[in-house]
Amino acid sequence: MIIVRSSKGGELCVDGYRVRIIEKLRLPSLNERLKAIREAFWNTFLLKNEHVFLDMLTDSGVNAMSDKQLAAMITAQDSYAGSKTFYELVKAVEDVLGYKYVLPTHQGRAAEHLLAKAFIKEDDVIPMNYHFTTTKVHFELAGGQVLELYINEALNTESTHPFKGNMDPEKLREVIRKYGKEKIPFVRMEATTNLIGGQPFSMENLRTIKEICDEHEIPLVLDGSMIDWNAYLIKQRERGYRNKSIAEIVKEMCSLADIFYASARKAMCVRGGFIATNNKKFFEKLEELLPVYEGFFTYGGMSIKELGAMAVGIREMVDESLVGSTVEQIRCFVEKLKKEKIPVVTPPGGLGVHLDAMKFLPHVPQNQYPAGALAAALYIVSGIRAMERGTMSMERTPDGREVFSDLELVRIAFPRRTYLRSHIDYAVDRIAWLYEHRELIKGLEWVYEPPVLRFFLGKLKDVDN
Ligand SMILES: Cc1ncc(COP(=O)(O)O)c(C=O)c1O
């Protein structure tokens, strides 16, 4: 954002880019949408794009790329081994994040897979501020147990706490006392904590967690898939950071982590991922696995073109003009929803706007998936494709019991640099209508339930027609 002083007092945030390529949108008719959601078995993941008006399922892999990223894709040096484009990526990681060893992976979950294989043993525990779906599955498949050590305020959907993504340091000390450091291969902190509504942690909290890790010689892993938004929110909300640049904040965050990994599909606006570290031992342990699961170390399962765009994306991620537009859009959207008294997660964070489905649909019990039902209903009334982030996104226990999610959220994601203010007005208008007529929305039940990550491919039907 370009931030200037307003002539009326206060600040004006102005987008620091312009749009030069557009994609035409089509608003399908209501009947078409009804037919489409039935054919998609009430799962918004299974909708076809031709039936979607605003695709706000995710920011992953659908952010608008920059002219410089596209140019880098053309000049990328395509080769199996030793490409100069890979070394440009290494240089970008070193310059921006401060790590010298880099392992490219085909996306974020591939990085999680390698971390799980390299470090997690049967019965280990992995403390984190909150889980992410793919993280939890990989760590559990390796025999580990995920422990979420969030602060109490994290699950309060109507809060003013600026850093709901913080980890509770006392809970971490307690876990280390209880399990012993031998059982803890690493502690994981996730920037712009996805499943609690895109909420940031503070630098102060990250530093405290790092100090505790250091006291016990436990490595700290940072999931920096959405580090851009976390850094922007630190700049806005944390004392002492107002006059620091996003580049300085990102560097400082990274200096506190022993291992960094990311899905580059998010902050870096390409399709890929990577792990980075300054620890030679960790690097060597991970490097052995790279050719087995991903590819040769100079491409790691990614196309070289995407590697080139990623090198540029990493640099642009800390460009003051380019960062923050999405956070400002989300803030504006949340403020408009609050005016309509619609239950939405506050404070606004990164990633998207999160409707609180338990408050929106108090008549739909959790075993009928209120967030899934609300996402489907939102699609019917608006053509907006959002994502269920609640019990449907959880895994059952090994003996088949349902695990109810702490929160039932409908995430209306904001791909970076993609949607406009008029889209926000449209969404608010439709959500307000839906809230007024919320008693029309009933629950869902499974007709086909996959054994893992069921939210992707699961099929449901509408209870009570
Ligand atoms: C915080 C976080 N970590 C990891 C991942 C997994 O990354 P990918 O989808 O690239 O496999 C995601 C994906 O959305 C994410 O949000």
# chains A, B, ... in the order shown; residues from 1 in each chain; ligands from 1
call {"tool": "residues_near_ligand", "arguments": {"ligand": "ligand 1", "cutoff": "7 Å", "atoms": "only C-alpha atoms and all ligand atoms", "output": "PyMOL selection string"}}
result
chain A and resi 60+107-110+132+134-135+190-191+193-194+223+225-226+262-265+272-273
call {"tool": "write_last_selection", "arguments": {"atoms": "C-alpha atoms", "output": "PDB file, in the first residue's frame"}}
result
ATOM      1  CA  SER A  60      -3.780 -20.553  -2.972  1.00  0.00           C
ATOM      2  CA  GLN A 107       3.969 -27.130  -2.879  1.00  0.00           C
ATOM      3  CA  GLY A 108       3.574 -26.481   0.844  1.00  0.00           C
ATOM      4  CA  ARG A 109       2.316 -29.905   1.854  1.00  0.00           C
ATOM      5  CA  ALA A 110       5.333 -31.481   0.133  1.00  0.00           C
ATOM      6  CA  PHE A 132      -3.441 -26.612   9.396  1.00  0.00           C
ATOM      7  CA  THR A 134      -2.356 -30.815   5.537  1.00  0.00           C
ATOM      8  CA  THR A 135       0.173 -30.205   8.323  1.00  0.00           C
ATOM      9  CA  GLU A 190       2.089 -20.567  11.524  1.00  0.00           C
ATOM     10  CA  ALA A 191       1.956 -16.988  10.251  1.00  0.00           C
ATOM     11  CA  THR A 193      -2.957 -18.619  11.382  1.00  0.00           C
ATOM     12  CA  ASN A 194      -5.268 -20.046   8.746  1.00  0.00           C
ATOM     13  CA  ASP A 223       5.239 -21.877   8.358  1.00  0.00           C
ATOM     14  CA  SER A 225       3.046 -19.391   3.669  1.00  0.00           C
ATOM     15  CA  MET A 226       1.247 -16.162   4.635  1.00  0.00           C
ATOM     16  CA  ALA A 262       6.100 -22.148   2.789  1.00  0.00           C
ATOM     17  CA  SER A 263       3.499 -22.844   0.240  1.00  0.00           C
ATOM     18  CA  ALA A 264       4.605 -20.380  -2.435  1.00  0.00           C
ATOM     19  CA  ARG A 265       1.062 -20.492  -3.819  1.00  0.00           C
ATOM     20  CA  GLY A 272       5.294 -24.224  -5.567  1.00  0.00           C
ATOM     21  CA  GLY A 273       6.884 -24.325  -2.164  1.00  0.00           C
TER      22      GLY A 273
END
call {"tool": "residues_around", "arguments": {"residues": "His216 (chain A)", "least_positions_apart": "5", "cutoff": "12 Å", "atoms": "only C-alpha atoms", "output": "PyMOL selection string"}}
result
chain A and resi 172-173+175-177+180-187+209-211
call {"tool": "select_by_dssp", "arguments": {"residues": "region 59-285 of chain A", "states": "strand (DSSP E)", "output": "VMD selection string"}}
result
chain A and resid 101 to 105 125 to 128 145 to 148 187 to 190 220 to 223 259 to 263 273 to 277
call {"tool": "closest_residue", "arguments": {"among": "A:Val93, A:Met394, A:Val323, A:Ile126", "to": "Val14 (chain A)", "atoms": "only C-alpha atoms"}}
result
A:Val323
call {"tool": "decode", "arguments": {"residues": "region 261-272 of chain A", "atoms": "C-alpha atoms", "output": "compact mmCIF listing (two decimals), in the first residue's frame"}}
result
# COMPACT_ATOMS: atom_id res chain seq x y z
CA TYR A 261 8.85 -23.50 4.98
CA ALA A 262 6.10 -22.15 2.79
CA SER A 263 3.50 -22.84 0.24
CA ALA A 264 4.60 -20.38 -2.43
CA ARG A 265 1.06 -20.49 -3.82
CA LYS A 266 0.13 -17.83 -1.28
CA ALA A 267 2.33 -14.84 -0.36
CA MET A 268 4.70 -15.52 -3.25
CA CYS A 269 1.96 -15.71 -5.89
CA VAL A 270 3.24 -18.80 -7.76
CA ARG A 271 2.63 -22.54 -7.66
CA GLY A 272 5.29 -24.22 -5.57
